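Raw contents of data37.txt, compact mmCIF, N, CA and C atoms and all ligand atoms:
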```txt
# COMPACT_ATOMS: atom_id res chain seq x y z
N MET Q 1 -4.15 -7.35 20.96
CA MET Q 1 -5.55 -7.47 20.53
C MET Q 1 -5.61 -7.84 19.05
N VAL Q 2 -6.62 -8.61 18.72
CA VAL Q 2 -6.81 -9.03 17.34
C VAL Q 2 -7.51 -7.93 16.55
N ASN Q 3 -6.95 -7.60 15.39
CA ASN Q 3 -7.57 -6.55 14.58
C ASN Q 3 -8.05 -7.05 13.23
N ASN Q 4 -7.40 -8.13 12.75
CA ASN Q 4 -7.72 -8.61 11.42
C ASN Q 4 -7.80 -10.13 11.41
N CYS Q 5 -8.44 -10.62 10.35
CA CYS Q 5 -8.50 -12.06 10.12
C CYS Q 5 -7.07 -12.61 10.01
N ALA Q 6 -6.84 -13.79 10.63
CA ALA Q 6 -5.49 -14.35 10.67
C ALA Q 6 -5.04 -14.88 9.31
N ASN Q 7 -5.96 -14.98 8.36
CA ASN Q 7 -5.59 -15.39 7.02
C ASN Q 7 -4.99 -14.18 6.29
N PRO Q 8 -3.67 -14.23 5.99
CA PRO Q 8 -3.03 -13.06 5.37
C PRO Q 8 -3.62 -12.70 4.01
N LYS Q 9 -4.21 -13.67 3.33
CA LYS Q 9 -4.81 -13.38 2.03
C LYS Q 9 -6.16 -12.71 2.16
N CYS Q 10 -6.69 -12.70 3.37
CA CYS Q 10 -8.00 -12.10 3.61
C CYS Q 10 -7.83 -10.81 4.41
N ALA Q 11 -7.30 -10.99 5.66
CA ALA Q 11 -7.01 -9.85 6.54
C ALA Q 11 -8.20 -8.92 6.74
N LYS Q 12 -9.38 -9.50 6.76
CA LYS Q 12 -10.59 -8.72 6.97
C LYS Q 12 -10.58 -8.08 8.36
N PRO Q 13 -10.90 -6.80 8.44
CA PRO Q 13 -10.90 -6.15 9.76
C PRO Q 13 -11.96 -6.75 10.68
N LEU Q 14 -11.59 -6.89 11.95
CA LEU Q 14 -12.51 -7.45 12.94
C LEU Q 14 -13.46 -6.38 13.46
N HIS Q 15 -14.76 -6.60 13.24
CA HIS Q 15 -15.75 -5.68 13.77
C HIS Q 15 -16.63 -6.34 14.82
N TYR Q 16 -17.00 -7.59 14.54
CA TYR Q 16 -17.88 -8.29 15.47
C TYR Q 16 -17.28 -9.63 15.84
N LEU Q 17 -17.03 -9.83 17.14
CA LEU Q 17 -16.41 -11.07 17.59
C LEU Q 17 -17.33 -12.27 17.38
N ARG Q 18 -18.62 -12.03 17.29
CA ARG Q 18 -19.55 -13.17 17.16
C ARG Q 18 -19.43 -13.80 15.78
N GLU Q 19 -18.84 -13.06 14.86
CA GLU Q 19 -18.64 -13.62 13.52
C GLU Q 19 -17.31 -14.35 13.50
N GLY Q 20 -17.25 -15.49 12.86
CA GLY Q 20 -16.00 -16.22 12.73
C GLY Q 20 -15.63 -16.95 13.99
N ARG Q 21 -14.34 -17.17 14.20
CA ARG Q 21 -13.90 -18.00 15.31
C ARG Q 21 -12.60 -17.46 15.89
N VAL Q 22 -12.50 -17.48 17.21
CA VAL Q 22 -11.30 -17.00 17.89
C VAL Q 22 -10.50 -18.19 18.39
N PHE Q 23 -9.21 -18.18 18.17
CA PHE Q 23 -8.31 -19.22 18.64
C PHE Q 23 -7.37 -18.60 19.67
N ALA Q 24 -7.09 -19.33 20.74
CA ALA Q 24 -6.17 -18.84 21.76
C ALA Q 24 -5.02 -19.84 21.89
N PHE Q 25 -3.80 -19.33 21.84
CA PHE Q 25 -2.63 -20.20 21.96
C PHE Q 25 -1.70 -19.65 23.03
N GLU Q 26 -1.08 -20.55 23.77
CA GLU Q 26 -0.07 -20.13 24.74
C GLU Q 26 1.26 -20.03 24.04
N ILE Q 27 1.84 -18.86 24.06
CA ILE Q 27 3.12 -18.63 23.42
C ILE Q 27 4.18 -18.48 24.50
N ALA Q 28 5.25 -19.27 24.39
CA ALA Q 28 6.34 -19.15 25.35
C ALA Q 28 7.18 -17.94 24.98
N GLU Q 29 7.34 -17.07 25.95
CA GLU Q 29 8.11 -15.86 25.69
C GLU Q 29 9.59 -16.13 25.87
N PRO Q 30 10.40 -15.80 24.89
CA PRO Q 30 11.84 -15.91 25.10
C PRO Q 30 12.25 -14.80 26.07
N ALA Q 31 12.90 -15.18 27.14
CA ALA Q 31 13.26 -14.19 28.15
C ALA Q 31 14.76 -14.20 28.38
N PRO Q 32 15.34 -13.03 28.59
CA PRO Q 32 16.78 -12.95 28.86
C PRO Q 32 17.14 -13.61 30.19
N VAL Q 33 16.22 -13.55 31.12
CA VAL Q 33 16.47 -14.16 32.42
C VAL Q 33 15.56 -15.39 32.56
N GLU Q 34 16.17 -16.52 32.83
CA GLU Q 34 15.45 -17.79 32.88
C GLU Q 34 14.23 -17.73 33.80
N GLU Q 35 14.41 -17.19 34.98
CA GLU Q 35 13.32 -17.21 35.97
C GLU Q 35 12.16 -16.30 35.59
N LYS Q 36 12.41 -15.41 34.62
CA LYS Q 36 11.34 -14.49 34.23
C LYS Q 36 10.55 -14.99 33.02
N ARG Q 37 10.91 -16.19 32.56
CA ARG Q 37 10.23 -16.72 31.38
C ARG Q 37 8.74 -16.92 31.68
N THR Q 38 7.94 -16.43 30.80
CA THR Q 38 6.50 -16.54 31.02
C THR Q 38 5.82 -17.07 29.78
N ARG Q 39 4.62 -17.49 29.97
CA ARG Q 39 3.79 -17.90 28.84
C ARG Q 39 2.69 -16.88 28.70
N ARG Q 40 2.45 -16.50 27.47
CA ARG Q 40 1.43 -15.47 27.28
C ARG Q 40 0.39 -16.03 26.32
N LEU Q 41 -0.83 -15.68 26.59
CA LEU Q 41 -1.93 -16.17 25.77
C LEU Q 41 -2.13 -15.20 24.61
N GLU Q 42 -2.06 -15.74 23.41
CA GLU Q 42 -2.24 -14.87 22.25
C GLU Q 42 -3.49 -15.31 21.49
N HIS Q 43 -4.21 -14.33 21.03
CA HIS Q 43 -5.48 -14.62 20.36
C HIS Q 43 -5.39 -14.35 18.87
N PHE Q 44 -6.01 -15.23 18.11
CA PHE Q 44 -6.08 -15.07 16.66
C PHE Q 44 -7.53 -15.22 16.26
N TRP Q 45 -7.91 -14.52 15.23
CA TRP Q 45 -9.29 -14.55 14.79
C TRP Q 45 -9.37 -14.89 13.31
N LEU Q 46 -10.30 -15.78 12.99
CA LEU Q 46 -10.60 -16.05 11.58
C LEU Q 46 -12.01 -15.56 11.32
N CYS Q 47 -12.21 -14.83 10.24
CA CYS Q 47 -13.53 -14.31 9.93
C CYS Q 47 -14.46 -15.46 9.54
N GLY Q 48 -15.72 -15.18 9.38
CA GLY Q 48 -16.72 -16.20 9.09
C GLY Q 48 -16.36 -17.11 7.93
N PRO Q 49 -16.19 -16.54 6.72
CA PRO Q 49 -15.87 -17.38 5.56
C PRO Q 49 -14.56 -18.16 5.73
N CYS Q 50 -13.55 -17.56 6.33
CA CYS Q 50 -12.26 -18.24 6.51
C CYS Q 50 -12.38 -19.37 7.53
N SER Q 51 -13.15 -19.15 8.61
CA SER Q 51 -13.27 -20.18 9.64
C SER Q 51 -14.07 -21.38 9.15
N GLN Q 52 -14.80 -21.20 8.04
CA GLN Q 52 -15.53 -22.32 7.46
C GLN Q 52 -14.59 -23.31 6.79
N VAL Q 53 -13.50 -22.84 6.26
CA VAL Q 53 -12.62 -23.70 5.48
C VAL Q 53 -11.22 -23.83 6.06
N MET Q 54 -10.91 -23.01 7.07
CA MET Q 54 -9.55 -23.06 7.63
C MET Q 54 -9.58 -23.05 9.14
N MET Q 55 -8.48 -23.49 9.72
CA MET Q 55 -8.34 -23.41 11.17
C MET Q 55 -6.88 -23.14 11.49
N LEU Q 56 -6.62 -22.80 12.75
CA LEU Q 56 -5.26 -22.50 13.17
C LEU Q 56 -4.76 -23.59 14.10
N THR Q 57 -3.51 -23.98 13.91
CA THR Q 57 -2.90 -24.95 14.81
C THR Q 57 -1.55 -24.41 15.26
N GLN Q 58 -1.12 -24.88 16.42
CA GLN Q 58 0.18 -24.46 16.94
C GLN Q 58 1.18 -25.57 16.72
N SER Q 59 2.32 -25.22 16.16
CA SER Q 59 3.38 -26.20 15.94
C SER Q 59 4.69 -25.61 16.45
N ALA Q 60 5.76 -26.37 16.30
CA ALA Q 60 7.06 -25.89 16.77
C ALA Q 60 7.47 -24.63 16.02
N ASP Q 61 6.97 -24.45 14.81
CA ASP Q 61 7.32 -23.29 14.00
C ASP Q 61 6.48 -22.07 14.34
N GLY Q 62 5.46 -22.28 15.16
CA GLY Q 62 4.59 -21.16 15.47
C GLY Q 62 3.16 -21.49 15.11
N ILE Q 63 2.38 -20.46 14.86
CA ILE Q 63 0.98 -20.64 14.53
C ILE Q 63 0.84 -20.83 13.02
N ARG Q 64 0.13 -21.87 12.64
CA ARG Q 64 -0.03 -22.15 11.21
C ARG Q 64 -1.49 -22.18 10.82
N LEU Q 65 -1.73 -21.71 9.61
CA LEU Q 65 -3.06 -21.73 9.03
C LEU Q 65 -3.18 -23.02 8.22
N VAL Q 66 -4.14 -23.86 8.56
CA VAL Q 66 -4.27 -25.13 7.85
C VAL Q 66 -5.71 -25.30 7.36
N PRO Q 67 -5.89 -26.07 6.29
CA PRO Q 67 -7.25 -26.32 5.81
C PRO Q 67 -8.03 -27.10 6.87
N ARG Q 68 -9.26 -26.74 7.07
CA ARG Q 68 -10.09 -27.42 8.04
C ARG Q 68 -10.58 -28.74 7.44
N PRO Q 69 -10.51 -29.82 8.22
CA PRO Q 69 -11.00 -31.10 7.68
C PRO Q 69 -12.47 -30.98 7.31
N ALA Q 70 -12.82 -31.53 6.17
CA ALA Q 70 -14.20 -31.45 5.72
C ALA Q 70 -15.10 -32.22 6.67
N LEU Q 71 -16.28 -31.68 6.92
CA LEU Q 71 -17.20 -32.29 7.87
C LEU Q 71 -17.58 -33.71 7.49
N ARG Q 72 -17.68 -33.96 6.20
CA ARG Q 72 -18.13 -35.29 5.78
C ARG Q 72 -17.14 -36.37 6.16
N PHE Q 73 -15.91 -35.99 6.47
CA PHE Q 73 -14.92 -36.98 6.85
C PHE Q 73 -14.97 -37.30 8.35
N THR Q 74 -15.71 -36.52 9.10
CA THR Q 74 -15.76 -36.76 10.54
C THR Q 74 -17.05 -37.43 10.97
N ASN Q 75 -17.91 -37.71 10.02
CA ASN Q 75 -19.20 -38.30 10.37
C ASN Q 75 -19.16 -39.81 10.51
N GLY Q 76 -18.01 -40.40 10.38
CA GLY Q 76 -17.90 -41.84 10.53
C GLY Q 76 -16.99 -42.41 9.46
N PRO Q 77 -16.79 -43.72 9.53
CA PRO Q 77 -15.92 -44.34 8.54
C PRO Q 77 -16.48 -44.17 7.13
N ILE Q 78 -15.58 -44.01 6.20
CA ILE Q 78 -15.99 -43.85 4.81
C ILE Q 78 -16.35 -45.23 4.25
N LYS Q 79 -17.53 -45.31 3.76
CA LYS Q 79 -17.97 -46.61 3.19
C LYS Q 79 -17.42 -46.73 1.77
N THR Q 80 -16.80 -47.83 1.52
CA THR Q 80 -16.25 -48.07 0.19
C THR Q 80 -17.09 -49.15 -0.50
N ALA Q 81 -17.53 -48.81 -1.66
CA ALA Q 81 -18.32 -49.79 -2.42
C ALA Q 81 -17.39 -50.81 -3.05
N ILE Q 82 -17.63 -52.05 -2.75
CA ILE Q 82 -16.81 -53.11 -3.34
C ILE Q 82 -17.68 -53.97 -4.24
N ALA Q 83 -17.32 -54.01 -5.49
CA ALA Q 83 -18.06 -54.84 -6.44
C ALA Q 83 -17.73 -56.30 -6.17
N SER Q 84 -18.78 -57.11 -6.01
CA SER Q 84 -18.52 -58.53 -5.74
C SER Q 84 -19.21 -59.40 -6.78
ZN ZN A 101 -10.87 -14.02 6.63
```
Please rewrite the model in this file as structure tokens.
Amino acid sequence: MVNNCANPKCAKPLHYLREGRVFAFEIAEPAPVEEKRTRRLEHFWLCGPCSQVMMLTQSADGIRLVPRPALRFTNGPIKTAIAS
């Protein structure tokens, strides 16, 4: 269960799930017996202020905290003023 914000510099205790954002990742469990290998769903939570500027991604190294792309960059191509 998630108890704190996934940002280690924040680690705000989780009181209300409606605040912030929950991320779910499938984690492959290392198992001693091949046939018993399972995937388990793990949940991470970012509090409101952290989820505004950060997000979580899954990589080969595990779960990483990365800066969230700014909204203004997703609204379309960036217009460049060219002096002519
Ligand atoms: Zn936080």
**Asked** What lies within 8 Å of range 53-68 of chain Q using all atoms listed in the file, ignoring chain neighbours under 2 positions off, as a PyMOL selection string?
**Response** chain Q and resi 6-7+23+25-26+46+48-51+70-71
**Request:** Give the residue list for ligand ZN 101 (chain A) at 5 Å, counting only N, CA and C atoms and all ligand atoms, as a PyMOL selection string, sorted by chain and then by residue number.
**Result:** chain Q and resi 5+10-12+47+50
**Message:** Among chain Q, which ones does DSSP assign to alpha helix (DSSP H) (computed from the backbone)? Answer as an NGL selection string.
**Reply:** :Q and (48-53)
**Request:** Would you list, as a PyMOL selection string, the residues of chain Q that end up in strand (DSSP E or B) under DSSP run on this structure's backbone?
**Result:** chain Q and resi 4-5+13+21-28+39-46+54-59+62-67
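For the pair atom N of Pro8 in chain Q and atom C of His43 in chain Q, the interatomic distance is 13.0 Å.
Between atom N of Ala28 in chain Q and atom C of Glu42 in chain Q lies a distance of 10.0 Å.
The spacing separating atom C of Arg21 in chain Q from CA of Asn3 in chain Q amounts to 12.1 Å.
Taking only N, CA and C atoms into account, Gln52 in chain Q lies nearest to Q:Gly20 out of the set Q:Glu35, Q:Gly20, Q:Ile27, Q:Asn4.
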